[in-house]
Amino acid sequence: MEQRRGKAWRERRCWFAFLVVLDVLWSGAFAQIRYSISEEVQEGTVVGNIAKDLGLDKSALKERGYRIVTGSTEPLFQVNQNDGVLYLKRRIDREEVCERSSPCLINLKTVLENPLEIHYVAVEILDINDHSPVFPEKEKRLEISESALPGARFQLQAARDPDVGQFSIQQYKLSHNEHFRVEVKDRGEDRKVPFLILQKQLDRETAGKHKLRLTAVDGGKPPKSGDINIIVDVLDVNDNSPAFTKELYSVTLKENIPVSTIVIQVNATDLDQGTNGEIIYSFGNEVDTKVMELFSIDENTGEIKVTGHIDFEKSRNYEIDIKASDKGTAPLTTDKSVMITVLDVNDNAPEIEVTSFSSSIKEDSKIGTTVALISVSDSDSGINGKVICTIKQEVPFTLAPSLQENMFAVVTRSHLDREMVSQYDVTIVAKDTGEPSFLTEKTISVVVSDVNDNSPEFSSSPYTFYITENNSPGASVFSVKASDRDEGDNALISYHILRDVSGDNKWTSFLNVNSENGDILALKSFDFETLKTFQFQVVATDSGAPSLSTNVTVNVFILDQNDNAPVILYPLSSNGSAEGVEEIPRNVNAGHLVTKVRAYDADIGYNGWLLFSLQELTDHSLFALDRYTGQIRTLRSFTETDEAEHKLVILVKDNGNVSLSATATVIVKLVEPKEAFAASDVKSAAKVDEDDNVTFYLMITLGSVSVLFLISIIVLIAMQCSKSTDYTSKYLQETNYDGTLCHSIQYRSGDKRYMLVGPRMSIGSTIVPGSHANTLVLPDRRRASEEVRDFKLENLQKLTDSTVYL
């Protein structure tokens, strides 16, 4: 590299010397000095010796003030006043000094004084190849339509090279390209203009852009060059239709998918450019309006979205024609079909349809009797449409599948009893097997119709009624009631009394029953003292076909009323009046028993409970009467001043609501002791006969009462054995029987009624709970009786103390 540089410098020095010689020869001829120097030489380079070339004395140069006359600009040259040599003061760029002028001359005016001399020196700046060609731009873009024909010319910008002559641009070269070549047009003054010539027609779709390199080369040795990149953009014409990227568009879509969901995106491309390559998507002309209500397409992106309710049950697939059009002046269009397959989801509940239904069924129907036919369906498909049918409740019905799928028969699976359940609400459940599953319920009401399979049933068996004596003939005394668990005519009941053909039970002839309501009417008035109890049967018959009937036993007890006044048994005179005379010694002590008034009441209970009282007495200080026993006793000893005869009027009354009474008169005579004993003997003899008659009547009465008591006990035991009830019998302990007549006493405690049957008891008798005393517990018609309770001892003592003495 250094060798080449030294050689070039030597060649440049030789060439410079040659030019100086020529210039001297030229100045001598024309009296003007001319020098040549290459540009870009170093500062201080000698241009020439002016003094020598002008023939001036070198020693006088300084004295005469030899100099170069310059303007305001800094001079490029300077003269040495000592030897007259002209040298370069600073480096010169020819292109800067002369631009493109050729030749490049710099005229200098030198001056000598004393005398004044002016000499002109011309210095030519010689060009060297110090610049490369340069294009105005690094890159040039050309737009050429693909419809341009071969031979078309496109002027390019020329490169610039500040050098001149042979160092200026000599040629242009174009990189290899089958579509283009370059031509150069010479316009003089070193101006060569390149033209791009189209050799082959362009196709933007094949190559939308061509990159070329244009090189400008000067004439230097070695030559220098400059490049420019030429980009040819091929302008589009609408010569291509849009093309879809896929041959087939298909997608699966679940039904009930939300609105605005993107189903699929179609994509089409157009090899054209600009508006010719911009694509608009739309539905085809033949797309059904219903489909357009379900789907929409974005005209810019090709996204197909859901805009309506997608229902698998309405349509399982959709084929939609899609059209892609460009925006050219004459738009080109391409069609493509999109297949959308809808997938089923379990969104439909099963449906139950009752195709045949019998709203009622007889309770004696056989097992397997068909009640209804039902069909089930599910609009879903596959596993979502498979339905399982069951009956929800525990009812005597079941589902029997039929030969046809999803058809079932509701049949009985056990015997029916209308009296237990008269109507069934049968809920049929249909459940699909989807996930999540849906179920549907449908309820049918099945009425069980009645058959006459139940006999009438009395509300109580046996019936026990209590009738107060002296009832009004023809009035209803009690009522029986039967019910039938059947309905309609099968439950319509009529009543009649079962008459004894043998005539043993004559009392039924005095009774009648209302056939419609069971009211029992007494045709005569009953007397407790004559009849205390009787029994008969009532028959209840329904109106079914065939009819069924039931008998019930009715036990009737006659209750006593206070319709009998007390009867004085003692004292009793021969003419039948209740008067008697008692003689007692005058010397008896206090507390002596004078006599005892005896009375009897045919009634029982409180009605037969007798109390004694003194209604009239001559001297209250002498006698006292026990109100319960009727005993008359002295209160004190008699004195001489006491009268010899005293009249006592005793009132005997019962304890009925309206009490009845009787009076007895006792004449008490005071006698001396001897007379009393004599009179006593006579009276005893007379009294023996009277007592015989009284004893006879007493035996008959006592026997009758005992028989009635035994009959009552037997009837009660039979009732207890025939029907298990909560009734219990409690009896009064027979502790101190004194021979009085048998009586029965009725009383009520709370909601229970009681009857006391048995002989009278003396004072001191007690009730022993759980003993076998003579207390009968009478059942209440409204509820079963419980054990005797809350019976006050003091009331019983009063009851037992009212003994009737014969």
# chains A, B, ... in the order shown; residues from 1 in each chain; ligands from 1
$ residues_around --residues "A:Val658" --least-positions-apart "2" --cutoff "12 Å" --atoms "only C-alpha atoms" --output "VMD selection string"
chain A and resid 561 to 565 606 to 607 653 to 656 660 to 661
$ write_last_selection --atoms "all heavy atoms" --output "short mmCIF file (atom, residue, chain, number, x, y, z; two decimals), in the first residue's frame"
data_model
loop_
_atom_site.label_atom_id
_atom_site.label_comp_id
_atom_site.auth_asym_id
_atom_site.auth_seq_id
_atom_site.Cartn_x
_atom_site.Cartn_y
_atom_site.Cartn_z
N GLN A 561 -137.68 -42.94 91.75
CA GLN A 561 -138.09 -41.57 92.05
C GLN A 561 -138.74 -41.54 93.43
O GLN A 561 -139.25 -42.56 93.92
CB GLN A 561 -139.08 -41.04 91.01
CG GLN A 561 -138.43 -40.48 89.76
CD GLN A 561 -139.43 -39.72 88.91
OE1 GLN A 561 -140.63 -40.01 88.93
NE2 GLN A 561 -138.93 -38.75 88.16
N ASN A 562 -138.73 -40.42 94.01
CA ASN A 562 -139.35 -40.30 95.34
C ASN A 562 -140.86 -40.19 95.19
O ASN A 562 -141.45 -39.11 95.34
CB ASN A 562 -138.76 -39.10 96.07
CG ASN A 562 -139.13 -39.09 97.54
OD1 ASN A 562 -139.43 -40.13 98.11
ND2 ASN A 562 -139.10 -37.92 98.16
N ASP A 563 -141.47 -41.33 94.92
CA ASP A 563 -142.92 -41.34 94.71
C ASP A 563 -143.65 -42.14 95.79
O ASP A 563 -144.84 -42.42 95.66
CB ASP A 563 -143.24 -41.92 93.34
CG ASP A 563 -142.68 -43.32 93.14
OD1 ASP A 563 -141.84 -43.74 93.97
OD2 ASP A 563 -143.10 -43.99 92.18
N ASN A 564 -142.93 -42.54 96.84
CA ASN A 564 -143.54 -43.28 97.95
C ASN A 564 -143.23 -42.58 99.27
O ASN A 564 -142.05 -42.29 99.55
CB ASN A 564 -143.01 -44.72 98.02
CG ASN A 564 -143.48 -45.55 96.84
OD1 ASN A 564 -144.60 -46.03 96.81
ND2 ASN A 564 -142.61 -45.71 95.83
N ALA A 565 -144.27 -42.32 100.03
CA ALA A 565 -144.11 -41.70 101.33
C ALA A 565 -143.71 -42.76 102.35
O ALA A 565 -143.98 -43.95 102.17
CB ALA A 565 -145.40 -41.01 101.77
N TYR A 606 -131.44 -42.02 98.45
CA TYR A 606 -131.84 -40.86 99.24
C TYR A 606 -133.34 -40.77 99.38
O TYR A 606 -133.85 -40.26 100.37
CB TYR A 606 -131.29 -39.58 98.59
CG TYR A 606 -129.82 -39.39 98.77
CD1 TYR A 606 -128.93 -39.69 97.76
CD2 TYR A 606 -129.31 -38.91 99.98
CE1 TYR A 606 -127.57 -39.53 97.92
CE2 TYR A 606 -127.94 -38.75 100.16
CZ TYR A 606 -127.07 -39.06 99.14
OH TYR A 606 -125.74 -38.90 99.30
N ASN A 607 -134.00 -41.26 98.36
CA ASN A 607 -135.48 -41.23 98.44
C ASN A 607 -135.99 -42.14 99.55
O ASN A 607 -137.10 -41.94 100.05
CB ASN A 607 -136.09 -41.66 97.11
CG ASN A 607 -135.75 -40.70 96.00
OD1 ASN A 607 -135.61 -39.49 96.24
ND2 ASN A 607 -135.59 -41.20 94.78
N LYS A 653 -139.55 -38.43 107.63
CA LYS A 653 -139.52 -37.95 106.25
C LYS A 653 -138.29 -38.51 105.53
O LYS A 653 -137.27 -38.80 106.15
CB LYS A 653 -139.52 -36.42 106.19
CG LYS A 653 -138.27 -35.76 106.76
CD LYS A 653 -138.35 -34.25 106.56
CE LYS A 653 -137.07 -33.58 107.12
NZ LYS A 653 -137.13 -32.11 106.90
N ASP A 654 -138.49 -38.67 104.21
CA ASP A 654 -137.37 -39.17 103.41
C ASP A 654 -136.50 -38.00 102.92
O ASP A 654 -136.80 -36.85 103.22
CB ASP A 654 -137.85 -40.02 102.23
CG ASP A 654 -138.82 -39.26 101.34
OD1 ASP A 654 -138.67 -38.01 101.24
OD2 ASP A 654 -139.70 -39.88 100.71
N ASN A 655 -135.45 -38.33 102.13
CA ASN A 655 -134.49 -37.31 101.68
C ASN A 655 -134.60 -37.03 100.19
O ASN A 655 -133.63 -36.64 99.54
CB ASN A 655 -133.07 -37.74 102.02
CG ASN A 655 -132.70 -37.41 103.46
OD1 ASN A 655 -132.30 -36.31 103.78
ND2 ASN A 655 -132.89 -38.39 104.32
N GLY A 656 -135.78 -37.24 99.61
CA GLY A 656 -135.95 -36.93 98.20
C GLY A 656 -135.86 -35.44 97.95
O GLY A 656 -135.88 -34.62 98.89
N LEU A 660 -141.10 -36.59 101.18
CA LEU A 660 -142.41 -37.05 101.65
C LEU A 660 -142.27 -37.48 103.10
O LEU A 660 -141.19 -37.90 103.53
CB LEU A 660 -142.91 -38.21 100.78
CG LEU A 660 -143.03 -37.91 99.27
CD1 LEU A 660 -143.46 -39.16 98.52
CD2 LEU A 660 -144.02 -36.78 99.02
N SER A 661 -143.37 -37.39 103.86
CA SER A 661 -143.26 -37.65 105.31
C SER A 661 -144.52 -38.33 105.83
O SER A 661 -145.56 -38.38 105.15
CB SER A 661 -143.00 -36.35 106.06
OG SER A 661 -144.09 -35.46 105.90
#
$ residues_around --residues "A:Ile118" --least-positions-apart "4" --cutoff "12 Å" --atoms "only C-alpha atoms" --output "PyMOL selection string"
chain A and resi 31-33+54+64-69+108-114
$ atom_distance --atom1 "atom CA of A:Thr464" --atom2 "atom CA of A:Leu492"
24.4 Å
$ residues_around --residues "A:Ile558" --least-positions-apart "3" --cutoff "12 Å" --atoms "only C-alpha atoms" --output "ChimeraX atom specification"
/A:464-471,477,525-535,555,561,603-604,746,755
$ write_last_selection --atoms "N, CA, C and O atoms" --output "mmCIF file, in the first residue's frame"
data_model
loop_
_atom_site.group_PDB
_atom_site.id
_atom_site.type_symbol
_atom_site.label_atom_id
_atom_site.label_comp_id
_atom_site.auth_asym_id
_atom_site.auth_seq_id
_atom_site.Cartn_x
_atom_site.Cartn_y
_atom_site.Cartn_z
ATOM 1 N N THR A 464 -126.259 -49.885 77.945
ATOM 2 C CA THR A 464 -126.847 -49.847 79.285
ATOM 3 C C THR A 464 -127.472 -48.477 79.466
ATOM 4 O O THR A 464 -126.773 -47.458 79.348
ATOM 5 N N PHE A 465 -128.781 -48.490 79.727
ATOM 6 C CA PHE A 465 -129.511 -47.227 79.892
ATOM 7 C C PHE A 465 -130.204 -47.220 81.244
ATOM 8 O O PHE A 465 -130.586 -48.273 81.786
ATOM 9 N N TYR A 466 -130.373 -46.033 81.748
ATOM 10 C CA TYR A 466 -131.059 -45.847 83.038
ATOM 11 C C TYR A 466 -132.253 -44.945 82.794
ATOM 12 O O TYR A 466 -132.087 -43.826 82.284
ATOM 13 N N ILE A 467 -133.437 -45.447 83.187
ATOM 14 C CA ILE A 467 -134.687 -44.711 82.950
ATOM 15 C C ILE A 467 -135.306 -44.411 84.299
ATOM 16 O O ILE A 467 -135.452 -45.299 85.157
ATOM 17 N N THR A 468 -135.636 -43.172 84.461
ATOM 18 C CA THR A 468 -136.333 -42.797 85.696
ATOM 19 C C THR A 468 -137.776 -43.305 85.629
ATOM 20 O O THR A 468 -138.445 -43.177 84.601
ATOM 21 N N GLU A 469 -138.205 -43.897 86.714
ATOM 22 C CA GLU A 469 -139.587 -44.397 86.732
ATOM 23 C C GLU A 469 -140.564 -43.246 86.541
ATOM 24 O O GLU A 469 -140.190 -42.077 86.622
ATOM 25 N N ASN A 470 -141.803 -43.643 86.240
ATOM 26 C CA ASN A 470 -142.894 -42.668 86.014
ATOM 27 C C ASN A 470 -142.621 -41.822 84.775
ATOM 28 O O ASN A 470 -142.980 -40.645 84.718
ATOM 29 N N ASN A 471 -141.927 -42.402 83.795
ATOM 30 C CA ASN A 471 -141.661 -41.680 82.556
ATOM 31 C C ASN A 471 -142.960 -41.433 81.800
ATOM 32 O O ASN A 471 -143.961 -42.129 81.995
ATOM 33 N N VAL A 477 -137.029 -42.388 75.374
ATOM 34 C CA VAL A 477 -136.364 -42.561 76.664
ATOM 35 C C VAL A 477 -134.852 -42.707 76.482
ATOM 36 O O VAL A 477 -134.085 -42.325 77.351
ATOM 37 N N SER A 525 -145.512 -46.233 81.181
ATOM 38 C CA SER A 525 -144.700 -45.688 82.260
ATOM 39 C C SER A 525 -144.206 -46.850 83.117
ATOM 40 O O SER A 525 -144.972 -47.762 83.452
ATOM 41 N N PHE A 526 -142.928 -46.795 83.462
ATOM 42 C CA PHE A 526 -142.328 -47.857 84.258
ATOM 43 C C PHE A 526 -142.379 -47.487 85.731
ATOM 44 O O PHE A 526 -142.299 -46.309 86.097
ATOM 45 N N ASP A 527 -142.467 -48.548 86.562
ATOM 46 C CA ASP A 527 -142.528 -48.375 88.014
ATOM 47 C C ASP A 527 -141.366 -49.137 88.612
ATOM 48 O O ASP A 527 -141.260 -50.372 88.445
ATOM 49 N N PHE A 528 -140.463 -48.422 89.267
ATOM 50 C CA PHE A 528 -139.292 -49.050 89.854
ATOM 51 C C PHE A 528 -139.681 -50.120 90.858
ATOM 52 O O PHE A 528 -139.011 -51.156 90.962
ATOM 53 N N GLU A 529 -140.721 -49.855 91.577
ATOM 54 C CA GLU A 529 -141.110 -50.817 92.609
ATOM 55 C C GLU A 529 -141.662 -52.103 91.990
ATOM 56 O O GLU A 529 -141.685 -53.149 92.652
ATOM 57 N N THR A 530 -142.075 -52.027 90.728
ATOM 58 C CA THR A 530 -142.598 -53.223 90.046
ATOM 59 C C THR A 530 -141.529 -53.875 89.183
ATOM 60 O O THR A 530 -141.379 -55.099 89.156
ATOM 61 N N LEU A 531 -140.770 -53.046 88.428
ATOM 62 C CA LEU A 531 -139.759 -53.534 87.493
ATOM 63 C C LEU A 531 -138.496 -52.692 87.656
ATOM 64 O O LEU A 531 -138.546 -51.466 87.541
ATOM 65 N N LYS A 532 -137.405 -53.424 87.927
ATOM 66 C CA LYS A 532 -136.150 -52.701 88.136
ATOM 67 C C LYS A 532 -135.199 -52.819 86.951
ATOM 68 O O LYS A 532 -134.347 -51.972 86.739
ATOM 69 N N THR A 533 -135.261 -53.833 86.162
ATOM 70 C CA THR A 533 -134.380 -53.990 85.009
ATOM 71 C C THR A 533 -134.989 -54.948 84.008
ATOM 72 O O THR A 533 -135.777 -55.829 84.386
ATOM 73 N N PHE A 534 -134.652 -54.754 82.715
ATOM 74 C CA PHE A 534 -135.028 -55.710 81.683
ATOM 75 C C PHE A 534 -134.043 -55.558 80.526
ATOM 76 O O PHE A 534 -133.232 -54.644 80.486
ATOM 77 N N GLN A 535 -134.123 -56.450 79.580
ATOM 78 C CA GLN A 535 -133.167 -56.533 78.483
ATOM 79 C C GLN A 535 -133.883 -56.853 77.186
ATOM 80 O O GLN A 535 -134.845 -57.629 77.166
ATOM 81 N N ASN A 555 -129.484 -53.207 77.857
ATOM 82 C CA ASN A 555 -129.838 -53.429 79.264
ATOM 83 C C ASN A 555 -130.419 -52.136 79.804
ATOM 84 O O ASN A 555 -129.788 -51.076 79.731
ATOM 85 N N GLN A 561 -137.684 -42.938 91.754
ATOM 86 C CA GLN A 561 -138.088 -41.568 92.050
ATOM 87 C C GLN A 561 -138.743 -41.543 93.427
ATOM 88 O O GLN A 561 -139.248 -42.556 93.917
ATOM 89 N N ASP A 603 -139.148 -46.518 98.303
ATOM 90 C CA ASP A 603 -138.093 -45.967 97.467
ATOM 91 C C ASP A 603 -136.732 -46.401 98.008
ATOM 92 O O ASP A 603 -136.625 -46.961 99.104
ATOM 93 N N ILE A 604 -135.697 -46.120 97.167
ATOM 94 C CA ILE A 604 -134.351 -46.486 97.576
ATOM 95 C C ILE A 604 -133.470 -45.257 97.532
ATOM 96 O O ILE A 604 -133.876 -44.191 97.065
ATOM 97 N N GLN A 746 -128.780 -44.484 95.223
ATOM 98 C CA GLN A 746 -128.091 -43.907 94.057
ATOM 99 C C GLN A 746 -127.397 -42.618 94.481
ATOM 100 O O GLN A 746 -127.922 -41.873 95.298
ATOM 101 N N MET A 755 -124.739 -46.860 92.473
ATOM 102 C CA MET A 755 -125.939 -47.381 93.137
ATOM 103 C C MET A 755 -125.483 -48.318 94.246
ATOM 104 O O MET A 755 -124.665 -49.215 94.006
#
$ residues_around --residues "stretch 572-585 of chain A" --least-positions-apart "2" --cutoff "8 Å" --atoms "only C-alpha atoms" --output "list in words"
Ile568, Leu569, Tyr570, Asn587, Val588, Val594, Thr595, Thr663, Ala664, Thr665, Val666, Ile667, Val668, Lys669, Leu670, Val671, Glu672, Pro673, Ala676 and Ala679 of chain A
$ residues_around --residues "A:Ser543" --least-positions-apart "5" --cutoff "9 Å" --atoms "only C-alpha atoms" --output "JSON, numbers by chain"
{"A": [452, 488, 489, 490, 491, 492, 493, 494, 548]}
$ residues_around --residues "A:Leu142" --least-positions-apart "5" --cutoff "8 Å" --atoms "only C-alpha atoms" --output "list of chain:residue names"
A:Ile230, A:Ile231, A:Val232, A:Asp233
$ write_last_selection --atoms "N, CA, C and O atoms" --output "CSV table (one decimal), in the first residue's frame"
chain,number,residue,atom,x,y,z
A,230,ILE,N,-33.2,0.5,-4.8
A,230,ILE,CA,-34.5,0.9,-5.5
A,230,ILE,C,-35.5,-0.2,-5.1
A,230,ILE,O,-35.2,-1.4,-5.4
A,231,ILE,N,-36.6,0.2,-4.4
A,231,ILE,CA,-37.7,-0.7,-4.1
A,231,ILE,C,-38.8,-0.4,-5.0
A,231,ILE,O,-39.4,0.7,-5.0
A,232,VAL,N,-39.2,-1.4,-5.7
A,232,VAL,CA,-40.3,-1.3,-6.7
A,232,VAL,C,-41.6,-1.9,-6.0
A,232,VAL,O,-41.6,-3.1,-5.8
A,233,ASP,N,-42.5,-1.1,-5.6
A,233,ASP,CA,-43.8,-1.6,-5.1
A,233,ASP,C,-44.8,-1.8,-6.3
A,233,ASP,O,-45.1,-0.8,-7.0
$ atom_distance --atom1 "atom CA of A:Ala159" --atom2 "atom CA of A:Arg141"
15.6 Å
$ closest_residue --among "A:Thr390, A:Thr427, A:Ser613, A:Asn267" --to "A:Leu248" --atoms "only C-alpha atoms"
A:Asn267
$ atom_distance --atom1 "atom CA of A:Asp311" --atom2 "atom CA of A:Met407"
26.1 Å
$ closest_residue --among "A:Phe167, A:Phe295, A:Tyr424, A:Phe154" --to "A:Leu198" --atoms "only C-alpha atoms"
A:Phe154
$ select_by_dssp --residues "stretch 458-598 of chain A" --states "helix (DSSP H, G or I)" --output "number ranges by chain"
A: 488-491, 506-510
